[in-house]
$ cat final.txt   # compact mmCIF, C-alpha atoms
# COMPACT_ATOMS: atom_id res chain seq x y z
CA MET A 187 0.00 0.00 0.00
CA PRO A 188 1.39 3.40 -0.90
CA LEU A 189 0.29 5.06 2.30
CA SER A 190 1.71 3.83 5.53
CA GLU A 191 2.09 5.23 8.97
CA GLN A 192 5.27 7.13 8.41
CA GLU A 193 3.68 9.30 5.76
CA MET A 194 1.58 10.94 8.44
CA GLY A 195 4.61 11.13 10.65
CA LYS A 196 3.27 8.59 13.08
CA SER A 197 6.32 6.39 13.19
CA PRO A 198 8.94 9.10 13.43
CA MET A 199 11.99 6.88 13.14
CA ARG A 200 11.63 6.01 9.48
CA MET A 201 10.77 9.44 8.05
CA ARG A 202 13.37 11.07 10.25
CA ASP A 203 16.04 8.70 8.95
CA LYS A 204 15.65 9.93 5.37
CA LEU A 205 18.56 12.31 5.15
CA VAL A 206 17.41 14.37 2.16
CA LEU A 207 13.93 14.95 3.61
CA ARG A 208 15.36 15.85 6.98
CA VAL A 209 17.97 18.29 5.71
CA VAL A 210 15.68 19.95 3.15
CA SER A 211 12.80 20.36 5.59
CA MET A 212 15.11 21.69 8.29
CA ALA A 213 16.39 24.26 5.81
CA PHE A 214 12.88 25.21 4.70
CA ILE A 215 10.89 25.36 7.94
CA PRO A 216 12.53 28.52 9.38
CA PHE A 217 11.94 30.36 6.13
CA ILE A 218 8.32 29.19 5.93
CA LEU A 219 7.70 30.50 9.45
CA LEU A 220 9.54 33.74 8.65
CA PHE A 221 7.54 34.14 5.44
CA ALA A 222 4.34 33.66 7.45
CA LEU A 223 5.35 36.53 9.72
CA TYR A 224 6.22 38.65 6.67
CA VAL A 225 2.80 37.96 5.12
CA GLN A 226 1.20 38.82 8.47
CA PHE A 227 2.93 42.13 9.05
CA HIS A 228 3.24 43.18 5.43
CA GLY A 229 -0.47 42.68 4.79
CA ASP A 230 -1.01 46.46 4.93
CA TYR A 231 1.34 46.97 2.00
CA GLY A 232 1.23 43.85 -0.13
CA PRO A 233 -0.90 40.80 -0.73
CA GLY A 234 -1.68 38.73 2.31
CA GLY A 235 -2.92 39.23 5.82
CA GLY A 236 -3.93 37.27 8.86
CA PHE A 237 -5.62 34.34 7.15
CA GLN A 238 -2.84 33.63 4.67
CA ALA A 239 -0.14 34.13 7.31
CA GLY A 240 -1.90 31.77 9.72
CA VAL A 241 -2.21 29.06 7.12
CA ILE A 242 1.43 29.38 6.04
CA PHE A 243 2.62 29.29 9.67
CA ALA A 244 0.55 26.16 10.32
CA ALA A 245 1.94 24.61 7.13
CA GLY A 246 5.47 25.07 8.45
CA VAL A 247 4.65 23.29 11.70
CA ILE A 248 2.75 20.55 9.83
CA LEU A 249 5.80 19.99 7.61
CA HIS A 250 7.82 19.50 10.79
CA GLY A 251 5.18 17.03 11.98
CA LEU A 252 5.28 15.09 8.71
CA ILE A 253 9.06 14.68 8.77
CA PHE A 254 9.89 14.44 12.47
CA GLY A 255 6.69 12.87 13.73
CA LEU A 256 3.46 14.18 15.18
CA ARG A 257 4.83 13.74 18.68
CA SER A 258 7.73 16.03 17.90
CA ALA A 259 5.45 18.73 16.45
CA GLU A 260 3.29 18.48 19.56
CA ARG A 261 6.36 19.16 21.65
CA VAL A 262 7.11 22.31 19.63
CA ILE A 263 3.54 23.62 19.92
CA PRO A 264 1.53 21.56 22.43
CA PRO A 265 -2.12 20.74 21.56
CA LYS A 266 -3.24 22.53 24.71
CA VAL A 267 -1.57 25.74 23.47
CA VAL A 268 -3.30 25.65 20.07
CA GLU A 269 -6.66 25.02 21.74
CA ILE A 270 -6.25 28.09 23.92
CA MET A 271 -4.74 30.23 21.16
CA SER A 272 -7.58 29.48 18.73
CA ALA A 273 -10.00 31.02 21.24
CA LEU A 274 -7.60 33.87 22.08
CA GLY A 275 -7.32 34.84 18.41
CA LEU A 276 -11.06 35.28 18.09
CA LEU A 277 -11.17 37.08 21.45
CA LEU A 278 -8.46 39.49 20.27
CA TYR A 279 -10.64 40.38 17.28
CA VAL A 280 -13.82 40.81 19.34
CA GLY A 281 -11.84 42.56 22.09
CA THR A 282 -10.58 45.14 19.60
CA GLY A 283 -14.18 45.82 18.63
CA LEU A 284 -15.21 46.18 22.28
CA LEU A 285 -12.22 48.44 22.97
CA CYS A 286 -13.53 50.78 20.27
CA VAL A 287 -16.89 50.81 22.06
CA ALA A 288 -15.18 51.51 25.40
CA LEU A 289 -13.35 54.46 23.84
CA GLY A 290 -16.61 55.97 22.68
CA GLY A 291 -16.81 54.69 19.13
CA ARG A 292 -18.95 52.05 17.51
CA PHE A 293 -18.10 48.34 17.45
CA LEU A 294 -14.96 47.86 15.29
CA GLU A 295 -14.77 51.60 14.53
CA TYR A 296 -10.98 51.72 14.76
CA GLY A 297 -10.73 55.46 14.26
CA VAL A 298 -11.22 56.10 17.99
CA LEU A 299 -8.18 54.00 18.94
CA ASP A 300 -5.94 57.02 18.38
CA HIS A 301 -7.43 60.25 19.68
CA HIS A 302 -5.13 62.44 17.58
CA ASP A 303 -5.62 60.94 14.15
CA PRO A 304 -8.38 58.50 13.14
CA VAL A 305 -6.22 57.24 10.26
CA HIS A 306 -3.63 56.01 12.77
CA GLY A 307 -6.45 54.47 14.79
CA GLN A 308 -7.48 52.56 11.67
CA HIS A 309 -3.91 51.24 11.34
CA TYR A 310 -3.82 50.07 14.99
CA GLY A 311 -7.20 48.42 14.67
CA ILE A 312 -6.33 46.63 11.45
CA ILE A 313 -3.03 45.36 12.86
CA LEU A 314 -4.83 44.05 15.98
CA VAL A 315 -7.66 42.27 14.17
CA GLU A 316 -5.27 40.82 11.56
CA ALA A 317 -3.16 39.47 14.42
CA GLY A 318 -6.32 37.93 15.89
CA VAL A 319 -7.20 36.33 12.56
CA GLY A 320 -3.64 35.01 12.12
CA ILE A 321 -3.50 33.48 15.60
CA ALA A 322 -6.95 31.93 15.29
CA VAL A 323 -6.34 30.48 11.80
CA ALA A 324 -2.89 29.04 12.60
CA SER A 325 -4.16 27.49 15.83
CA VAL A 326 -7.31 26.00 14.32
CA MET A 327 -5.33 24.54 11.40
CA LEU A 328 -2.88 22.91 13.82
CA CYS A 329 -5.77 21.78 16.03
CA ILE A 330 -7.41 20.00 13.10
CA TYR A 331 -4.07 18.51 11.99
CA TYR A 332 -3.34 17.17 15.49
CA ALA A 333 -6.85 15.72 15.75
CA VAL A 334 -6.79 14.04 12.32
CA ALA A 335 -3.17 12.84 12.37
CA GLY A 336 -3.46 11.57 15.94
CA ARG A 337 -6.62 9.67 15.09
CA GLY A 338 -4.98 6.41 13.96
CA ARG A 339 -2.84 6.19 17.05
CA ARG A 340 -5.54 5.03 19.43
CA MET B 244 -1.40 33.13 -23.10
CA ILE B 245 -0.73 30.49 -20.47
CA GLU B 246 -4.31 30.49 -19.13
CA PRO B 247 -5.81 28.09 -21.71
CA LEU B 248 -2.98 25.66 -20.97
CA LEU B 249 -3.72 25.77 -17.24
CA PHE B 250 -7.45 25.29 -17.87
CA VAL B 251 -6.71 22.22 -20.01
CA LEU B 252 -4.47 20.95 -17.20
CA LEU B 253 -7.30 21.50 -14.70
CA LEU B 254 -9.69 19.53 -16.88
CA ALA B 255 -7.18 16.71 -17.35
CA LEU B 256 -6.60 16.53 -13.58
CA ALA B 257 -10.37 16.48 -12.93
CA VAL B 258 -10.87 13.61 -15.39
CA ALA B 259 -7.92 11.71 -13.90
CA ILE B 260 -9.37 12.14 -10.40
CA LEU B 261 -12.72 10.80 -11.65
CA LYS B 262 -11.15 7.78 -13.35
CA LEU B 263 -8.68 6.72 -10.66
CA LYS B 264 -9.55 4.29 -7.89
CA ASP B 265 -6.37 4.66 -5.82
CA LEU B 266 -7.28 7.22 -3.15
CA PHE B 267 -3.65 8.10 -2.39
CA ALA B 268 -3.15 9.15 -6.03
CA ILE B 269 -6.46 11.03 -5.93
CA ALA B 270 -5.39 12.97 -2.83
CA MET B 271 -2.13 13.94 -4.53
CA LEU B 272 -3.88 14.94 -7.78
CA SER B 273 -6.41 17.09 -5.90
CA GLY B 274 -3.42 18.87 -4.37
CA ALA B 275 -2.06 19.43 -7.86
CA PHE B 276 -5.51 20.66 -8.94
CA SER B 277 -5.40 23.29 -6.20
CA LEU B 278 -1.88 24.32 -7.17
CA VAL B 279 -2.91 24.85 -10.81
CA SER B 280 -5.95 26.83 -9.58
CA ALA B 281 -3.59 28.96 -7.49
CA GLY B 282 -1.56 29.64 -10.63
CA LEU B 283 -4.72 30.76 -12.43
CA PHE B 284 -5.68 33.06 -9.53
CA THR B 285 -2.22 34.61 -9.67
CA LEU B 286 -2.61 35.26 -13.39
CA MET B 287 -5.92 36.99 -12.63
CA ASP B 288 -4.15 39.24 -10.08
CA ALA B 289 -6.02 37.66 -7.16
CA VAL B 290 -2.81 37.02 -5.23
CA ASP B 291 -4.52 36.81 -1.83
CA VAL B 292 -6.81 34.05 -3.09
CA ALA B 293 -3.86 32.30 -4.75
CA PHE B 294 -1.97 32.31 -1.44
CA THR B 295 -4.90 30.72 0.34
CA GLU B 296 -5.57 28.18 -2.41
CA ALA B 297 -1.93 27.07 -2.50
CA ALA B 298 -1.57 26.79 1.27
CA VAL B 299 -4.99 25.34 2.14
CA GLY B 300 -5.93 23.47 -1.04
CA ALA B 301 -2.57 22.08 -2.10
CA GLY B 302 -0.99 21.78 1.34
CA PHE B 303 -3.31 21.49 4.29
CA THR B 304 -6.22 19.62 2.67
CA THR B 305 -3.85 17.09 1.10
CA VAL B 306 -2.34 16.39 4.51
CA LEU B 307 -5.83 15.93 5.97
CA PHE B 308 -6.73 13.54 3.12
CA LEU B 309 -3.59 11.51 3.84
CA GLY B 310 -4.41 11.47 7.55
CA THR B 311 -7.90 10.20 6.80
CA LEU B 312 -6.55 7.56 4.40
CA ALA B 313 -4.18 6.30 7.09
CA VAL B 314 -7.15 5.26 9.23
CA THR B 315 -9.63 4.28 6.47
CA ALA B 316 -9.40 2.52 3.11
CA ASN B 317 -6.82 3.07 0.39
CA THR B 318 -8.97 2.29 -2.64
CA GLU B 319 -12.37 3.48 -3.72
CA ARG B 320 -15.15 0.91 -3.55
CA GLN B 321 -16.76 0.06 -6.89
CA GLN B 322 -20.12 1.81 -7.06
CA PRO B 323 -22.96 0.55 -9.25
CA PHE B 324 -24.04 2.99 -11.97
CA ARG B 325 -26.98 5.14 -10.85
CA LEU B 326 -28.99 7.44 -13.13
CA GLY B 327 -30.45 9.79 -10.47
CA PRO B 328 -27.21 11.39 -9.22
CA LEU B 329 -25.94 11.76 -12.81
CA LEU B 330 -29.09 13.66 -13.78
CA VAL B 331 -28.79 15.94 -10.73
CA VAL B 332 -25.15 16.70 -11.60
CA LEU B 333 -26.00 17.40 -15.25
CA VAL B 334 -28.91 19.69 -14.37
CA VAL B 335 -26.97 21.62 -11.72
CA GLY B 336 -23.98 21.93 -14.06
CA ALA B 337 -26.19 23.20 -16.89
CA VAL B 338 -27.84 25.75 -14.56
CA LEU B 339 -24.44 26.97 -13.38
CA ILE B 340 -23.16 27.39 -16.95
CA TRP B 341 -26.42 29.15 -17.93
CA ALA B 342 -26.05 31.51 -14.94
CA GLY B 343 -22.38 32.08 -15.82
CA LEU B 344 -23.37 33.36 -19.27
CA ASP B 345 -25.09 36.31 -17.56
CA ALA B 346 -22.04 37.25 -15.49
CA PRO B 347 -20.01 40.25 -16.65
CA LEU B 348 -16.85 39.49 -18.63
CA TYR B 349 -13.59 39.16 -16.73
CA GLY B 350 -12.01 42.61 -16.30
CA ASP B 351 -15.09 44.47 -17.57
CA PRO B 352 -14.81 47.97 -16.02
CA THR B 353 -18.59 48.51 -16.23
CA ALA B 354 -19.35 45.38 -14.18
CA PRO B 355 -21.59 46.15 -11.15
CA VAL B 356 -18.83 45.14 -8.74
CA HIS B 357 -16.62 47.95 -10.04
CA THR B 358 -19.24 50.69 -10.32
CA HIS B 359 -20.88 50.69 -6.87
CA LEU B 360 -19.14 49.86 -3.59
CA GLY B 361 -15.82 48.93 -5.18
CA ALA B 362 -15.38 52.39 -6.67
CA GLU B 363 -16.40 54.00 -3.39
CA PHE B 364 -13.89 51.94 -1.38
CA ILE B 365 -11.11 52.84 -3.81
CA GLY B 366 -12.09 56.48 -3.60
CA ARG B 367 -12.37 56.66 0.19
CA ALA B 368 -9.64 54.29 1.41
CA PRO B 369 -6.62 56.52 0.68
CA SER B 370 -7.92 59.36 2.88
CA GLU B 371 -9.78 57.31 5.52
CA ILE B 372 -7.40 54.40 6.07
CA ASP B 373 -4.29 55.27 4.04
CA MET B 374 -3.06 51.77 3.36
CA PRO B 375 -1.37 50.80 0.10
CA ASN B 376 -3.19 47.45 0.06
CA ILE B 377 -6.86 48.38 -0.25
CA VAL B 378 -7.83 44.70 -0.04
CA THR B 379 -6.65 44.63 3.58
CA ALA B 380 -8.38 47.96 4.29
CA VAL B 381 -11.67 46.60 2.92
CA LEU B 382 -11.43 43.21 4.63
CA ALA B 383 -10.32 44.41 8.06
CA SER B 384 -12.08 47.76 8.32
CA TYR B 385 -14.96 48.37 5.89
CA ARG B 386 -15.85 44.68 6.04
CA GLY B 387 -14.72 44.14 9.63
CA TYR B 388 -17.95 42.44 10.67
CA ASP B 389 -17.67 39.88 7.85
CA THR B 390 -14.07 39.07 8.71
CA MET B 391 -15.01 38.65 12.37
CA GLY B 392 -17.75 36.26 11.30
CA GLU B 393 -15.26 34.31 9.17
CA THR B 394 -12.86 34.03 12.09
CA ALA B 395 -15.73 32.79 14.25
CA VAL B 396 -16.59 30.21 11.58
CA ILE B 397 -12.99 28.95 11.52
CA PHE B 398 -12.94 28.76 15.32
CA THR B 399 -16.24 26.87 15.29
CA ALA B 400 -14.82 24.42 12.74
CA GLY B 401 -11.86 23.77 15.04
CA VAL B 402 -14.15 23.22 18.01
CA GLY B 403 -16.28 20.86 15.94
CA VAL B 404 -13.28 18.76 14.87
CA MET B 405 -12.02 18.64 18.46
CA LEU B 406 -15.42 17.46 19.72
CA LEU B 407 -15.82 14.87 16.96
CA LEU B 408 -12.31 13.43 16.89
CA GLY B 409 -11.78 13.52 20.63
CA GLY B 410 -8.88 15.95 20.60
CA ARG B 411 -6.27 15.64 23.29
CA LYS B 412 -7.97 13.73 26.10
CA GLY B 413 -8.25 10.34 24.45
CA ARG B 414 -4.66 10.35 23.27
CA ASP B 415 -2.97 11.06 26.58
CA LEU B 416 -3.65 7.49 27.64
CA ASP B 417 -1.19 5.93 25.19
CA GLU B 418 1.47 8.56 25.66
CA GLU B 419 4.07 6.01 26.79
CA ASP B 420 4.14 3.79 23.72
CA GLN B 421 5.46 6.53 21.41
CA ASP B 422 9.04 7.72 21.00
$ encode --input "final.txt" --output "structure tokens"
Amino acid sequence: MPLSEQEMGKSPMRMRDKLVLRVVSMAFIPFILLFALYVQFHGDYGPGGGFQAGVIFAAGVILHGLIFGLRSAERVIPPKVVEIMSALGLLLYVGTGLLCVALGGRFLEYGVLDHHDPVHGQHYGIILVEAGVGIAVASVMLCIYYAVAGRGRR
Amino acid sequence: MIEPLLFVLLLALAVAILKLKDLFAIAMLSGAFSLVSAGLFTLMDAVDVAFTEAAVGAGFTTVLFLGTLAVTANTERQQPFRLGPLLVVLVVGAVLIWAGLDAPLYGDPTAPVHTHLGAEFIGRAPSEIDMPNIVTAVLASYRGYDTMGETAVIFTAGVGVMLLLGGRKGRDLDEEDQD
């Protein structure tokens, strides 16, 4: 059968012993994570934003899981952390909206976040909600990956 | 120039996916399908969509397919030929093509999407939000409620998967037999 356990990274020894895969993925993963951060923070200027950045970040961790084993990926980012972070991401988004209300604006009216210049307030608001989206998306993607890849282990 | 080639490639991949019985090959080809789609989106200047399609469609979904295959079957079961589903597919496909004929042409500047809100966003964003990427300004500010809803949907999907597949709790029991 073409698909066996090591292709999901469940028996780490065999995938990890493939030198080319190990070296290439180790060279790539830092750049994938860095690119995710670039897409996140450069979303105001170029293509991208929270959703794309979150997915790319999760892809980097999943690549680590595929090569070095699910267990190893779970040590890098524990399942408990992604569960909490997925909720925190959404809360950061909603919290930004409520902060605008607290400062006298309407829900998600970022202009009030800076009392000198509403345009700056817009920038702060967008950076905050994009961060919320990025955190939520990356965490949920990893959550689903952990759940599906860990399924055959029981 | 290269678009027709990519569309032919998409069609060929779709036919191959239909014909194949080996689910591992199908999972890989559907990843390739997404990658070709991402190329098409890039050619249409929808780089944000291309990003998402490449990362989710070609990467993440393929991994999920492989994970599912690891715990289920590797080959598709032979299904007897049934007329009903075929008719439904043909009718829905015909309706979609018929509806597509009414859509404005690609890049048509007089299309409704460019003459109402789109034009207003482009006109207002430089002074109100002052961000070079108007897509981000629209998604995060003018359409902030929608994006919040999307984030909530993604969160709900994660919660659903955790509830259905058991998540962490069930796996802690066999912690010792790994590594």
$ residues_around --input "final.txt" --residues "stretch 369-382 of chain B" --least-positions-apart "2" --cutoff "7 Å" --atoms "only C-alpha atoms" --output "list in words"
Gly229, Asp230, Tyr231, Gly232, Gly235, Val305 and Gln308 of chain A; Gly366, Arg367, Ser384, Tyr385, Arg386, Gly387 and Thr390 of chain B
$ write_last_selection --input "final.txt" --atoms "C-alpha atoms" --output "compact mmCIF listing (two decimals), in the coordinates of the input"
# COMPACT_ATOMS: atom_id res chain seq x y z
CA GLY A 229 -0.47 42.68 4.79
CA ASP A 230 -1.01 46.46 4.93
CA TYR A 231 1.34 46.97 2.00
CA GLY A 232 1.23 43.85 -0.13
CA GLY A 235 -2.92 39.23 5.82
CA VAL A 305 -6.22 57.24 10.26
CA GLN A 308 -7.48 52.56 11.67
CA GLY B 366 -12.09 56.48 -3.60
CA ARG B 367 -12.37 56.66 0.19
CA SER B 384 -12.08 47.76 8.32
CA TYR B 385 -14.96 48.37 5.89
CA ARG B 386 -15.85 44.68 6.04
CA GLY B 387 -14.72 44.14 9.63
CA THR B 390 -14.07 39.07 8.71
$ closest_residue --input "final.txt" --among "B:Gly401, B:Gly343, B:Pro355, B:Gly302" --to "A:Cys329" --atoms "all atoms listed in the file"
B:Gly401
$ closest_atom_pairs --input "final.txt" --of "chain B" --to "chain A" --cutoff "7 Å" --atoms "only C-alpha atoms" --output "tab-separated table"
residue	atom	partner	partner_atom	distance
B:Phe267	CA	A:Leu189	CA	6.8
B:Val290	CA	A:Pro233	CA	6.2
B:Asp291	CA	A:Gly234	CA	5.4
B:Phe294	CA	A:Gln238	CA	6.3
B:Thr295	CA	A:Gln238	CA	5.6
B:Ala298	CA	A:Ile242	CA	6.2
B:Val299	CA	A:Val241	CA	6.8
B:Phe303	CA	A:Ala245	CA	6.7
B:Leu307	CA	A:Val334	CA	6.7
B:Leu309	CA	A:Met194	CA	6.9
B:Gly310	CA	A:Ala335	CA	5.2
B:Thr311	CA	A:Val334	CA	6.8
B:Ala313	CA	A:Ser190	CA	6.6
B:Val314	CA	A:Gly338	CA	5.3
B:Glu371	CA	A:Val305	CA	5.9
B:Ile372	CA	A:Val305	CA	5.2
B:Asp373	CA	A:Val305	CA	6.8
B:Met374	CA	A:Asp230	CA	5.9
B:Pro375	CA	A:Tyr231	CA	5.1
B:Asn376	CA	A:Tyr231	CA	5.0
B:Thr379	CA	A:Asp230	CA	6.1
B:Ala383	CA	A:Ile312	CA	5.7
B:Ser384	CA	A:Ile312	CA	6.6
B:Gly387	CA	A:Leu294	CA	6.8
B:Met391	CA	A:Tyr279	CA	6.8
B:Thr394	CA	A:Val319	CA	6.1
B:Ala395	CA	A:Leu276	CA	6.5
B:Ile397	CA	A:Val323	CA	6.8
B:Phe398	CA	A:Val326	CA	6.3
B:Gly401	CA	A:Val326	CA	5.1
B:Val404	CA	A:Ile330	CA	6.3
B:Met405	CA	A:Ala333	CA	6.5
B:Leu408	CA	A:Ala333	CA	6.0
B:Gly410	CA	A:Ala333	CA	5.3
B:Arg411	CA	A:Pro265	CA	6.8
B:Arg414	CA	A:Arg340	CA	6.6
$ write_last_selection --input "final.txt" --atoms "C-alpha atoms" --output "PDB file, in the coordinates of the input"
ATOM      1  CA  PHE B 267      -3.650   8.100  -2.390  1.00  0.00           C
ATOM      2  CA  VAL B 290      -2.810  37.020  -5.230  1.00  0.00           C
ATOM      3  CA  ASP B 291      -4.520  36.810  -1.830  1.00  0.00           C
ATOM      4  CA  PHE B 294      -1.970  32.310  -1.440  1.00  0.00           C
ATOM      5  CA  THR B 295      -4.900  30.720   0.340  1.00  0.00           C
ATOM      6  CA  ALA B 298      -1.570  26.790   1.270  1.00  0.00           C
ATOM      7  CA  VAL B 299      -4.990  25.340   2.140  1.00  0.00           C
ATOM      8  CA  PHE B 303      -3.310  21.490   4.290  1.00  0.00           C
ATOM      9  CA  LEU B 307      -5.830  15.930   5.970  1.00  0.00           C
ATOM     10  CA  LEU B 309      -3.590  11.510   3.840  1.00  0.00           C
ATOM     11  CA  GLY B 310      -4.410  11.470   7.550  1.00  0.00           C
ATOM     12  CA  THR B 311      -7.900  10.200   6.800  1.00  0.00           C
ATOM     13  CA  ALA B 313      -4.180   6.300   7.090  1.00  0.00           C
ATOM     14  CA  VAL B 314      -7.150   5.260   9.230  1.00  0.00           C
ATOM     15  CA  GLU B 371      -9.780  57.310   5.520  1.00  0.00           C
ATOM     16  CA  ILE B 372      -7.400  54.400   6.070  1.00  0.00           C
ATOM     17  CA  ASP B 373      -4.290  55.270   4.040  1.00  0.00           C
ATOM     18  CA  MET B 374      -3.060  51.770   3.360  1.00  0.00           C
ATOM     19  CA  PRO B 375      -1.370  50.800   0.100  1.00  0.00           C
ATOM     20  CA  ASN B 376      -3.190  47.450   0.060  1.00  0.00           C
ATOM     21  CA  THR B 379      -6.650  44.630   3.580  1.00  0.00           C
ATOM     22  CA  ALA B 383     -10.320  44.410   8.060  1.00  0.00           C
ATOM     23  CA  SER B 384     -12.080  47.760   8.320  1.00  0.00           C
ATOM     24  CA  GLY B 387     -14.720  44.140   9.630  1.00  0.00           C
ATOM     25  CA  MET B 391     -15.010  38.650  12.370  1.00  0.00           C
ATOM     26  CA  THR B 394     -12.860  34.030  12.090  1.00  0.00           C
ATOM     27  CA  ALA B 395     -15.730  32.790  14.250  1.00  0.00           C
ATOM     28  CA  ILE B 397     -12.990  28.950  11.520  1.00  0.00           C
ATOM     29  CA  PHE B 398     -12.940  28.760  15.320  1.00  0.00           C
ATOM     30  CA  GLY B 401     -11.860  23.770  15.040  1.00  0.00           C
ATOM     31  CA  VAL B 404     -13.280  18.760  14.870  1.00  0.00           C
ATOM     32  CA  MET B 405     -12.020  18.640  18.460  1.00  0.00           C
ATOM     33  CA  LEU B 408     -12.310  13.430  16.890  1.00  0.00           C
ATOM     34  CA  GLY B 410      -8.880  15.950  20.600  1.00  0.00           C
ATOM     35  CA  ARG B 411      -6.270  15.640  23.290  1.00  0.00           C
ATOM     36  CA  ARG B 414      -4.660  10.350  23.270  1.00  0.00           C
TER      37      ARG B 414
END
$ atom_distance --input "final.txt" --atom1 "atom CA of B:Asp288" --atom2 "atom CA of A:Ala222"
20.3 Å
$ axis_aligned_box --input "final.txt" --around "stretch 245-252 of chain B" --padding-each-side "4 Å" --output "JSON"
{"center_x": -4.1, "center_y": 25.7, "center_z": -19.5, "size_x": 14.7, "size_y": 17.5, "size_z": 12.5}
$ atom_distance --input "final.txt" --atom1 "atom CA of A:Leu256" --atom2 "atom CA of B:Val306"
12.3 Å
$ atom_distance --input "final.txt" --atom1 "atom CA of A:His250" --atom2 "atom CA of B:Thr305"
15.4 Å
$ residues_around --input "final.txt" --residues "B:Phe284" --least-positions-apart "2" --cutoff "12 Å" --atoms "all atoms listed in the file" --output "ChimeraX atom specification"
/B:246,249-250,277-282,286-297
$ closest_residue --input "final.txt" --among "A:Gln226, A:Gly246, A:Gly290, A:Ile253" --to "A:Val209" --atoms "all atoms listed in the file"
A:Ile253
$ residues_around --input "final.txt" --residues "stretch 253-263 of chain B" --least-positions-apart "5" --cutoff "7 Å" --atoms "all atoms listed in the file" --output "count of residues only"
4
$ decode --input "final.txt" --residues "stretch 379-390 of chain B" --atoms "N, CA, C and O atoms" --output "short mmCIF file (atom, residue, chain, number, x, y, z; two decimals), in the first residue's frame"
data_model
loop_
_atom_site.label_atom_id
_atom_site.label_comp_id
_atom_site.auth_asym_id
_atom_site.auth_seq_id
_atom_site.Cartn_x
_atom_site.Cartn_y
_atom_site.Cartn_z
N THR B 379 -6.70 44.76 2.11
CA THR B 379 -6.65 44.63 3.58
C THR B 379 -7.55 45.67 4.24
O THR B 379 -8.26 45.36 5.20
N ALA B 380 -7.54 46.91 3.72
CA ALA B 380 -8.38 47.96 4.29
C ALA B 380 -9.85 47.55 4.22
O ALA B 380 -10.60 47.71 5.18
N VAL B 381 -10.27 46.99 3.07
CA VAL B 381 -11.67 46.60 2.92
C VAL B 381 -11.99 45.44 3.86
O VAL B 381 -12.98 45.47 4.59
N LEU B 382 -11.13 44.41 3.85
CA LEU B 382 -11.43 43.21 4.63
C LEU B 382 -11.44 43.49 6.13
O LEU B 382 -12.31 43.01 6.85
N ALA B 383 -10.47 44.26 6.61
CA ALA B 383 -10.32 44.41 8.06
C ALA B 383 -11.12 45.58 8.61
O ALA B 383 -11.47 45.58 9.78
N SER B 384 -11.40 46.59 7.79
CA SER B 384 -12.08 47.76 8.32
C SER B 384 -13.49 47.92 7.77
O SER B 384 -14.46 47.81 8.50
N TYR B 385 -13.61 48.18 6.45
CA TYR B 385 -14.96 48.37 5.89
C TYR B 385 -15.79 47.11 6.05
O TYR B 385 -17.00 47.16 6.25
N ARG B 386 -15.14 45.96 5.92
CA ARG B 386 -15.85 44.68 6.04
C ARG B 386 -15.43 43.96 7.33
O ARG B 386 -15.32 42.74 7.35
N GLY B 387 -15.20 44.73 8.38
CA GLY B 387 -14.72 44.14 9.63
C GLY B 387 -15.67 43.13 10.24
O GLY B 387 -15.24 42.12 10.78
N TYR B 388 -16.98 43.38 10.11
CA TYR B 388 -17.95 42.44 10.67
C TYR B 388 -17.86 41.09 9.96
O TYR B 388 -17.89 40.05 10.60
N ASP B 389 -17.74 41.13 8.62
CA ASP B 389 -17.67 39.88 7.85
C ASP B 389 -16.45 39.07 8.26
O ASP B 389 -16.52 37.86 8.46
N THR B 390 -15.30 39.78 8.38
CA THR B 390 -14.07 39.07 8.71
C THR B 390 -14.16 38.48 10.11
O THR B 390 -13.67 37.39 10.36
#
